[in-house]
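For reference, coords_10.cif (mmCIF, C-alpha atoms and all ligand atoms):
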```cif
data_entry
loop_
_atom_site.label_atom_id
_atom_site.label_comp_id
_atom_site.auth_asym_id
_atom_site.auth_seq_id
_atom_site.Cartn_x
_atom_site.Cartn_y
_atom_site.Cartn_z
CA MET A 16 -28.49 9.74 63.35
CA PRO A 17 -28.56 11.59 66.67
CA GLU A 18 -25.01 12.55 67.66
CA LEU A 19 -23.55 13.95 70.88
CA PRO A 20 -25.45 17.30 70.82
CA GLU A 21 -28.79 15.66 70.04
CA VAL A 22 -28.37 13.00 72.74
CA GLU A 23 -27.17 15.65 75.20
CA THR A 24 -30.35 17.65 74.48
CA ILE A 25 -32.55 14.64 75.21
CA VAL A 26 -30.62 13.82 78.39
CA SER A 27 -30.92 17.40 79.65
CA ASP A 28 -34.69 17.20 79.01
CA LEU A 29 -35.05 13.83 80.74
CA LYS A 30 -33.02 14.71 83.83
CA PRO A 31 -35.70 16.88 85.52
CA VAL A 32 -38.50 14.68 84.19
CA LEU A 33 -37.16 11.37 85.54
CA THR A 34 -35.01 12.11 88.59
CA GLY A 35 -36.80 10.94 91.73
CA ARG A 36 -39.41 8.90 89.85
CA PHE A 37 -39.96 5.18 90.20
CA PHE A 38 -39.84 2.68 87.33
CA VAL A 39 -43.11 0.88 86.62
CA ASP A 40 -42.82 -1.15 83.42
CA LEU A 41 -41.25 -1.55 80.00
CA ILE A 42 -43.36 -2.80 77.14
CA GLY A 43 -41.92 -3.32 73.68
CA THR A 44 -43.43 -4.43 70.40
CA HIS A 45 -40.13 -4.97 68.60
CA GLU A 46 -38.39 -7.79 70.44
CA ASN A 47 -34.93 -7.18 69.02
CA SER A 48 -34.78 -3.67 70.46
CA ILE A 49 -35.47 -4.74 74.03
CA LEU A 50 -33.70 -8.11 74.12
CA GLY A 51 -30.99 -6.69 76.40
CA ALA A 52 -33.56 -5.35 78.86
CA MET A 53 -36.18 -8.03 79.43
CA ASP A 54 -34.22 -10.22 81.87
CA ASN A 55 -33.86 -7.32 84.31
CA VAL A 56 -37.22 -5.53 84.10
CA ALA A 57 -38.33 -7.10 87.40
CA ALA A 58 -35.06 -6.07 89.07
CA ILE A 59 -35.81 -2.34 88.62
CA ARG A 60 -39.56 -2.39 89.27
CA ASP A 61 -40.31 0.37 91.84
CA ALA A 62 -36.64 1.42 91.81
CA LYS A 63 -35.93 5.15 92.03
CA VAL A 64 -34.11 7.12 89.33
CA ILE A 65 -31.17 9.00 90.82
CA GLU A 66 -29.38 10.24 87.70
CA VAL A 67 -29.70 10.58 83.92
CA PHE A 68 -26.47 10.98 81.99
CA ARG A 69 -24.95 10.72 78.54
CA ARG A 70 -21.88 8.79 77.42
CA GLY A 71 -21.03 9.09 73.71
CA LYS A 72 -24.37 8.64 71.96
CA PHE A 73 -25.83 6.54 74.80
CA ILE A 74 -28.54 7.69 77.24
CA ASN A 75 -28.18 6.21 80.73
CA ILE A 76 -30.81 6.17 83.48
CA LEU A 77 -29.26 5.24 86.83
CA PHE A 78 -31.40 3.63 89.54
CA GLU A 79 -30.85 3.71 93.27
CA ASN A 80 -30.58 -0.08 93.45
CA GLU A 81 -27.46 -0.07 91.23
CA TYR A 82 -29.04 -0.90 87.91
CA VAL A 83 -28.77 1.19 84.77
CA MET A 84 -31.16 1.46 81.84
CA THR A 85 -29.25 2.37 78.68
CA ILE A 86 -30.83 3.57 75.44
CA HIS A 87 -29.17 4.00 72.04
CA LEU A 88 -31.26 5.78 69.42
CA ARG A 89 -29.14 4.52 66.48
CA MET A 90 -30.41 5.69 63.06
CA SER A 91 -33.83 7.14 63.71
CA GLY A 92 -34.80 6.68 67.36
CA ARG A 93 -36.60 9.34 69.39
CA ILE A 94 -37.59 9.52 73.03
CA ILE A 95 -40.73 11.50 73.72
CA SER A 96 -41.97 12.27 77.22
CA CYS A 97 -45.75 11.62 77.46
CA ASP A 98 -48.54 11.20 79.97
CA LEU A 99 -49.25 7.61 80.98
CA SER A 100 -52.71 7.84 79.43
CA ASP A 101 -51.51 9.13 76.03
CA GLU A 102 -52.21 6.88 73.07
CA ALA A 103 -49.33 5.16 71.26
CA LEU A 104 -47.35 7.55 69.03
CA ARG A 105 -46.48 6.95 65.40
CA PHE A 106 -43.64 4.38 65.10
CA GLU A 107 -43.73 3.76 68.86
CA ARG A 108 -41.81 0.51 69.53
CA THR A 109 -41.26 0.65 73.27
CA ARG A 110 -42.89 2.45 76.17
CA ILE A 111 -41.06 2.91 79.44
CA ASP A 112 -43.41 3.85 82.25
CA PHE A 113 -42.51 5.60 85.50
CA ASN A 114 -44.93 6.85 88.14
CA GLY A 115 -46.54 9.85 86.49
CA VAL A 116 -44.67 9.83 83.17
CA SER A 117 -44.28 7.57 80.16
CA LEU A 118 -41.30 7.65 77.79
CA ARG A 119 -42.14 6.59 74.28
CA PHE A 120 -39.30 5.22 72.17
CA CYS A 121 -40.31 5.83 68.56
CA ASP A 122 -38.09 4.37 65.89
CA VAL A 123 -38.93 4.22 62.17
CA ARG A 124 -36.01 1.95 61.27
CA LYS A 125 -36.03 -0.23 64.41
CA PHE A 126 -32.25 -0.19 65.02
CA GLY A 127 -32.55 1.45 68.43
CA LYS A 128 -31.82 -0.56 71.57
CA VAL A 129 -32.68 -0.62 75.27
CA TRP A 130 -30.65 -2.50 77.88
CA ILE A 131 -31.04 -2.94 81.64
CA ALA A 132 -27.93 -4.10 83.50
CA LYS A 133 -26.16 -3.80 86.84
CA THR A 134 -23.96 -0.72 87.26
CA ALA A 135 -20.98 -3.07 87.60
CA ASP A 136 -21.34 -4.42 84.08
CA TYR A 137 -23.58 -2.15 82.01
CA GLU A 138 -20.60 -0.65 80.17
CA GLU A 139 -19.56 -4.09 78.97
CA VAL A 140 -23.11 -5.19 78.12
CA THR A 141 -23.93 -2.08 76.08
CA GLY A 142 -20.55 -1.48 74.39
CA ILE A 143 -19.94 1.74 76.30
CA SER A 144 -16.69 0.18 77.53
CA ARG A 145 -15.29 0.48 73.99
CA LEU A 146 -15.93 4.23 73.75
CA GLY A 147 -13.10 6.71 73.63
CA VAL A 148 -12.81 10.01 75.47
CA GLU A 149 -15.64 12.52 75.97
CA PRO A 150 -14.85 15.71 74.05
CA LEU A 151 -16.79 18.31 76.05
CA ASN A 152 -16.34 17.47 79.72
CA GLY A 153 -12.69 18.51 80.01
CA ASP A 154 -11.29 14.99 79.58
CA LEU A 155 -9.92 15.80 76.12
CA SER A 156 -7.21 18.45 75.77
CA VAL A 157 -5.71 19.73 72.53
CA SER A 158 -2.44 17.95 73.34
CA GLY A 159 -4.36 14.74 74.11
CA PHE A 160 -6.13 15.01 70.76
CA ILE A 161 -2.87 15.61 68.87
CA LYS A 162 -1.28 12.61 70.56
CA MET A 163 -4.32 10.47 69.74
CA MET A 164 -4.53 11.41 66.05
CA LYS A 165 -0.95 12.19 64.99
CA GLY A 166 0.31 9.86 62.26
CA ARG A 167 -2.94 7.88 61.94
CA LYS A 168 -3.31 6.52 58.42
CA GLY A 169 -6.36 7.48 56.37
CA ALA A 170 -8.99 10.18 56.06
CA VAL A 171 -9.44 12.73 58.83
CA LYS A 172 -13.17 12.04 58.84
CA LYS A 173 -12.69 8.31 59.35
CA TRP A 174 -10.84 9.02 62.60
CA LEU A 175 -13.34 11.64 63.77
CA LEU A 176 -16.14 9.08 63.35
CA ASP A 177 -14.24 6.38 65.25
CA GLN A 178 -16.16 6.12 68.55
CA SER A 179 -13.22 4.39 70.23
CA LYS A 180 -11.15 7.58 69.85
CA VAL A 181 -13.45 10.55 70.55
CA ALA A 182 -16.99 9.52 71.57
CA GLY A 183 -20.13 11.12 70.12
CA ILE A 184 -19.05 12.63 66.77
CA GLY A 185 -21.09 11.60 63.73
CA ASN A 186 -21.52 12.80 60.15
CA ILE A 187 -22.93 16.26 60.92
CA TYR A 188 -20.33 17.42 63.44
CA ALA A 189 -17.41 15.78 61.59
CA ASP A 190 -18.20 17.79 58.44
CA GLU A 191 -18.90 21.02 60.34
CA GLY A 192 -15.77 20.60 62.48
CA CYS A 193 -13.63 20.12 59.36
CA PHE A 194 -15.10 23.29 57.86
CA TYR A 195 -14.31 25.33 60.97
CA ALA A 196 -10.79 23.89 60.91
CA GLY A 197 -10.30 24.70 57.20
CA ILE A 198 -9.36 21.06 56.56
CA ARG A 199 -11.03 18.77 54.00
CA PRO A 200 -12.63 15.65 55.51
CA GLY A 201 -10.79 13.45 53.01
CA THR A 202 -7.33 14.80 53.93
CA LYS A 203 -5.05 12.08 55.23
CA MET A 204 -4.55 12.35 58.96
CA GLU A 205 -0.88 11.35 58.57
CA ASN A 206 -0.31 14.50 56.49
CA LEU A 207 -1.48 16.89 59.24
CA GLY A 208 1.12 18.60 61.40
CA GLU A 209 0.53 19.51 65.04
CA LYS A 210 -0.69 23.00 64.17
CA GLU A 211 -3.35 21.61 61.82
CA LEU A 212 -4.34 18.90 64.31
CA GLY A 213 -4.82 21.67 66.86
CA LYS A 214 -7.11 23.49 64.42
CA LEU A 215 -9.04 20.29 63.80
CA PHE A 216 -9.55 19.85 67.54
CA GLU A 217 -10.77 23.43 67.94
CA GLY A 218 -13.09 23.06 64.93
CA VAL A 219 -14.72 19.87 66.16
CA ILE A 220 -15.17 21.21 69.70
CA LYS A 221 -16.70 24.42 68.31
CA ALA A 222 -19.14 22.45 66.11
CA LEU A 223 -20.20 20.20 69.01
CA LYS A 224 -20.62 23.07 71.46
CA GLN A 225 -22.71 25.01 68.97
CA GLY A 226 -24.88 21.92 68.42
CA VAL A 227 -25.47 21.54 72.17
CA LYS A 228 -26.20 25.25 72.58
CA ASN A 229 -28.81 25.12 69.82
CA ARG A 230 -30.43 21.92 71.12
CA GLY A 231 -29.37 19.70 68.25
CA THR A 232 -29.69 19.55 64.48
CA SER A 233 -33.11 18.60 63.09
CA ILE A 234 -32.15 18.17 59.47
CA SER A 235 -33.70 14.70 59.27
CA ASP A 236 -36.03 13.84 62.10
CA PHE A 237 -34.38 14.70 65.40
CA GLN A 238 -36.72 15.95 68.13
CA ASP A 239 -36.07 16.63 71.78
CA ALA A 240 -37.93 14.83 74.58
CA TYR A 241 -40.86 17.22 74.16
CA GLY A 242 -41.16 16.61 70.40
CA HIS A 243 -39.62 19.97 69.45
CA ARG A 244 -37.04 20.45 66.72
CA GLY A 245 -33.52 21.75 67.39
CA LYS A 246 -32.18 24.96 65.85
CA ASN A 247 -28.69 23.99 64.78
CA GLN A 248 -29.72 23.10 61.19
CA GLU A 249 -30.06 26.85 60.57
CA LEU A 250 -26.38 27.35 61.43
CA LEU A 251 -24.70 24.63 59.37
CA TYR A 252 -21.98 25.62 56.90
CA VAL A 253 -21.59 22.37 54.97
CA TYR A 254 -23.56 19.36 56.25
CA GLY A 255 -26.57 18.76 53.99
CA ARG A 256 -25.62 21.76 51.79
CA GLY A 257 -23.84 20.02 48.85
CA GLY A 258 -24.48 21.98 45.61
CA GLU A 259 -25.37 25.14 47.53
CA LYS A 260 -23.10 28.16 47.88
CA CYS A 261 -20.50 28.39 50.65
CA LEU A 262 -21.64 30.93 53.23
CA GLU A 263 -18.07 32.26 53.51
CA CYS A 264 -16.84 32.47 49.89
CA GLU A 265 -19.92 31.70 47.71
CA LYS A 266 -18.24 28.85 45.85
CA VAL A 267 -20.56 25.87 45.22
CA LEU A 268 -19.98 23.28 47.96
CA LYS A 269 -18.63 19.91 46.86
CA ARG A 270 -20.36 16.66 47.71
CA THR A 271 -18.30 13.48 47.94
CA VAL A 272 -18.01 10.23 49.91
CA VAL A 273 -15.42 9.83 52.67
CA ALA A 274 -15.22 6.83 55.00
CA GLY A 275 -18.35 5.49 53.32
CA ARG A 276 -20.39 8.54 54.32
CA GLY A 277 -21.86 11.41 52.32
CA THR A 278 -19.54 14.37 52.88
CA VAL A 279 -19.68 18.07 51.97
CA TYR A 280 -16.84 20.58 51.97
CA CYS A 281 -15.72 23.86 50.37
CA GLU A 282 -12.82 23.60 47.92
CA THR A 283 -11.75 27.16 48.68
CA CYS A 284 -12.17 27.41 52.45
CA GLN A 285 -10.81 23.93 53.16
CA SER A 286 -7.49 22.54 51.96
ZN ZN B 1 -15.96 28.56 51.05
#
```

What does the file become when written as structure tokens?
Amino acid sequence: MPELPEVETIVSDLKPVLTGRFFVDLIGTHENSILGAMDNVAAIRDAKVIEVFRRGKFINILFENEYVMTIHLRMSGRIISCDLSDEALRFERTRIDFNGVSLRFCDVRKFGKVWIAKTADYEEVTGISRLGVEPLNGDLSVSGFIKMMKGRKGAVKKWLLDQSKVAGIGNIYADEGCFYAGIRPGTKMENLGEKELGKLFEGVIKALKQGVKNRGTSISDFQDAYGHRGKNQELLYVYGRGGEKCLECEKVLKRTVVAGRGTVYCETCQS
């Protein structure tokens, strides 16, 4: 699933492509994905895009007439920027046309969603209102993180994945962040002292920043808005590497399940 760095990559690609363009039409072949958009398609016709921004794992396209189109890629969604005349892509479920450019929403598993709502209530409509703090824009400090997580009951990874606490972390960056911190993903949060919570914060931030810098992780099927793969998969220490040797100590990495998710860690480097 695309996480914060992957969605950030797509948003940074879409910003120059869409800003200043006018919406033309939205056509979807999978009704469930566009249910939250259809009532307001007419309201944004010919409206100008003034901003494209990310919140958690959501892509938001803001129009001058105070409407927002929000896209969530969920499990397997991709947004590819195409020419209007290009033929439908493989697994294309929705096309969103602007003057001079066509976004194609391709989604093998069909869990992705598109909404169109007024700026006053799009956060409520899309679920963005339930998101916690953004980790990379300066809103989250180490002391804020410690306060948020201290004494929470249950696995560290469960809390990192909780979108209502820190927004945008998924399986990849939770495992990588725990490795950087030297803390096992299954460690109970209530057993971590402030020093360890500080390390966990630094580890997660480092993993996310590295993901953004390398334009996302393409271990499954992530592609940017131009259909190119990211580079971060070449720099992963643990995610997707269960059974392989630790790059730090050469011990075989352990694969387990934490918070219902496949999880990889090093028994030596993480305690
Ligand atoms: Zn190791």

Within 6 Å of ligand ZN 1 (chain B) (all atoms listed in the file), residues as a list in words
Cys261, Glu263, Cys264, Lys266, Cys281, Thr283 and Cys284 of chain A

May I have the residues from that selection written out with C-alpha atoms, as a tab-separated table (two decimals), in the coordinates of the input?
```tsv
chain	number	residue	atom	x	y	z
A	261	CYS	CA	-20.50	28.39	50.65
A	263	GLU	CA	-18.07	32.26	53.51
A	264	CYS	CA	-16.84	32.47	49.89
A	266	LYS	CA	-18.24	28.85	45.85
A	281	CYS	CA	-15.72	23.86	50.37
A	283	THR	CA	-11.75	27.16	48.68
A	284	CYS	CA	-12.17	27.41	52.45
```

Tell me, as a list in words, which residues lie within 8 Å of Glu23 (chain A), counting only C-alpha atoms; anything in the same chain fewer than 3 positions away does not count.
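What passes the distance filter is Leu19, Pro20, Val26, Ser27, Arg69 and Val227 of chain A.
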
Could you please take those selected residues and save C-alpha atoms as an mmCIF file, in the coordinates of the input?
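Full text of part-v7.cif as output:
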```cif
data_model
loop_
_atom_site.group_PDB
_atom_site.id
_atom_site.type_symbol
_atom_site.label_atom_id
_atom_site.label_comp_id
_atom_site.auth_asym_id
_atom_site.auth_seq_id
_atom_site.Cartn_x
_atom_site.Cartn_y
_atom_site.Cartn_z
ATOM 1 C CA LEU A 19 -23.550 13.950 70.880
ATOM 2 C CA PRO A 20 -25.450 17.300 70.820
ATOM 3 C CA VAL A 26 -30.620 13.820 78.390
ATOM 4 C CA SER A 27 -30.920 17.400 79.650
ATOM 5 C CA ARG A 69 -24.950 10.720 78.540
ATOM 6 C CA VAL A 227 -25.470 21.540 72.170
#
```

Would you please work out which residue, of A:Arg270, A:Gly71, A:Met16, A:Glu81, is nearest to Asp136 (chain A) when using all atoms listed in the file?
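Among the listed residues, the smallest separation from Asp136 (chain A) belongs to A:Glu81.
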
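Residue nearest Gln225 (chain A) within the list A:Leu50, A:Ile74, A:Val83, A:Leu151: A:Leu151 [criterion: smallest interatomic distance, all atoms listed in the file].
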
Check the smallest atom-to-atom distance from each of A:Ile49, A:Val253, A:Val273, A:Val148 to Pro200 (chain A) using only C-alpha atoms, then report the winner.
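The answer is A:Val273, which sits nearest to Pro200 (chain A).
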
Quote the spacing between CA of Ala240 (chain A) and CA of Leu176 (chain A) in Å to one decimal place.
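Taking CA of Ala240 (chain A) as the start and CA of Leu176 (chain A) as the end point, the length is 25.2 Å.
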
Write region 23-47 of chain A as an mmCIF file, keeping the file's coordinate frame, completed to N, CA and C atoms.
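What follows is the written file part_9.cif:
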```cif
data_model
loop_
_atom_site.group_PDB
_atom_site.id
_atom_site.type_symbol
_atom_site.label_atom_id
_atom_site.label_comp_id
_atom_site.auth_asym_id
_atom_site.auth_seq_id
_atom_site.Cartn_x
_atom_site.Cartn_y
_atom_site.Cartn_z
ATOM 1 N N GLU A 23 -27.323 14.774 74.035
ATOM 2 C CA GLU A 23 -27.170 15.650 75.200
ATOM 3 C C GLU A 23 -28.458 16.449 75.451
ATOM 4 N N THR A 24 -29.087 16.894 74.367
ATOM 5 C CA THR A 24 -30.350 17.650 74.480
ATOM 6 C C THR A 24 -31.431 16.784 75.122
ATOM 7 N N ILE A 25 -31.542 15.542 74.651
ATOM 8 C CA ILE A 25 -32.550 14.640 75.210
ATOM 9 C C ILE A 25 -32.269 14.356 76.687
ATOM 10 N N VAL A 26 -30.992 14.108 77.000
ATOM 11 C CA VAL A 26 -30.620 13.820 78.390
ATOM 12 C C VAL A 26 -30.931 15.016 79.295
ATOM 13 N N SER A 27 -30.644 16.219 78.805
ATOM 14 C CA SER A 27 -30.920 17.400 79.650
ATOM 15 C C SER A 27 -32.432 17.586 79.833
ATOM 16 N N ASP A 28 -33.230 17.164 78.852
ATOM 17 C CA ASP A 28 -34.690 17.200 79.010
ATOM 18 C C ASP A 28 -35.172 16.140 80.007
ATOM 19 N N LEU A 29 -34.568 14.956 79.920
ATOM 20 C CA LEU A 29 -35.050 13.830 80.740
ATOM 21 C C LEU A 29 -34.651 13.954 82.211
ATOM 22 N N LYS A 30 -33.534 14.618 82.462
ATOM 23 C CA LYS A 30 -33.020 14.710 83.830
ATOM 24 C C LYS A 30 -34.086 15.228 84.812
ATOM 25 N N PRO A 31 -34.677 16.400 84.574
ATOM 26 C CA PRO A 31 -35.700 16.880 85.520
ATOM 27 C C PRO A 31 -36.999 16.071 85.463
ATOM 28 N N VAL A 32 -37.265 15.453 84.332
ATOM 29 C CA VAL A 32 -38.500 14.680 84.190
ATOM 30 C C VAL A 32 -38.425 13.372 84.992
ATOM 31 N N LEU A 33 -37.254 12.730 84.969
ATOM 32 C CA LEU A 33 -37.160 11.370 85.540
ATOM 33 C C LEU A 33 -36.572 11.306 86.947
ATOM 34 N N THR A 34 -35.701 12.229 87.299
ATOM 35 C CA THR A 34 -35.010 12.110 88.590
ATOM 36 C C THR A 34 -36.020 12.092 89.743
ATOM 37 N N GLY A 35 -35.895 11.076 90.584
ATOM 38 C CA GLY A 35 -36.800 10.940 91.730
ATOM 39 C C GLY A 35 -38.033 10.092 91.435
ATOM 40 N N ARG A 36 -38.240 9.747 90.168
ATOM 41 C CA ARG A 36 -39.410 8.900 89.850
ATOM 42 C C ARG A 36 -39.066 7.429 90.009
ATOM 43 N N PHE A 37 -40.118 6.614 90.008
ATOM 44 C CA PHE A 37 -39.960 5.180 90.200
ATOM 45 C C PHE A 37 -40.363 4.441 88.919
ATOM 46 N N PHE A 38 -39.560 3.455 88.544
ATOM 47 C CA PHE A 38 -39.840 2.680 87.330
ATOM 48 C C PHE A 38 -41.068 1.792 87.551
ATOM 49 N N VAL A 39 -41.918 1.720 86.542
ATOM 50 C CA VAL A 39 -43.110 0.880 86.620
ATOM 51 C C VAL A 39 -43.024 -0.306 85.659
ATOM 52 N N ASP A 40 -42.826 -0.026 84.369
ATOM 53 C CA ASP A 40 -42.820 -1.150 83.420
ATOM 54 C C ASP A 40 -42.200 -0.739 82.089
ATOM 55 N N LEU A 41 -41.770 -1.749 81.351
ATOM 56 C CA LEU A 41 -41.250 -1.550 80.000
ATOM 57 C C LEU A 41 -41.993 -2.520 79.086
ATOM 58 N N ILE A 42 -42.603 -1.960 78.080
ATOM 59 C CA ILE A 42 -43.360 -2.800 77.140
ATOM 60 C C ILE A 42 -42.885 -2.503 75.730
ATOM 61 N N GLY A 43 -42.439 -3.534 75.026
ATOM 62 C CA GLY A 43 -41.920 -3.320 73.680
ATOM 63 C C GLY A 43 -42.613 -4.195 72.652
ATOM 64 N N THR A 44 -42.789 -3.647 71.460
ATOM 65 C CA THR A 44 -43.430 -4.430 70.400
ATOM 66 C C THR A 44 -42.398 -4.958 69.404
ATOM 67 N N HIS A 45 -41.172 -4.482 69.493
ATOM 68 C CA HIS A 45 -40.130 -4.970 68.600
ATOM 69 C C HIS A 45 -39.065 -5.651 69.454
ATOM 70 N N GLU A 46 -39.150 -6.990 69.475
ATOM 71 C CA GLU A 46 -38.390 -7.790 70.440
ATOM 72 C C GLU A 46 -36.888 -7.522 70.382
ATOM 73 N N ASN A 47 -36.366 -7.362 69.176
ATOM 74 C CA ASN A 47 -34.930 -7.180 69.020
ATOM 75 C C ASN A 47 -34.396 -5.942 69.747
#
```
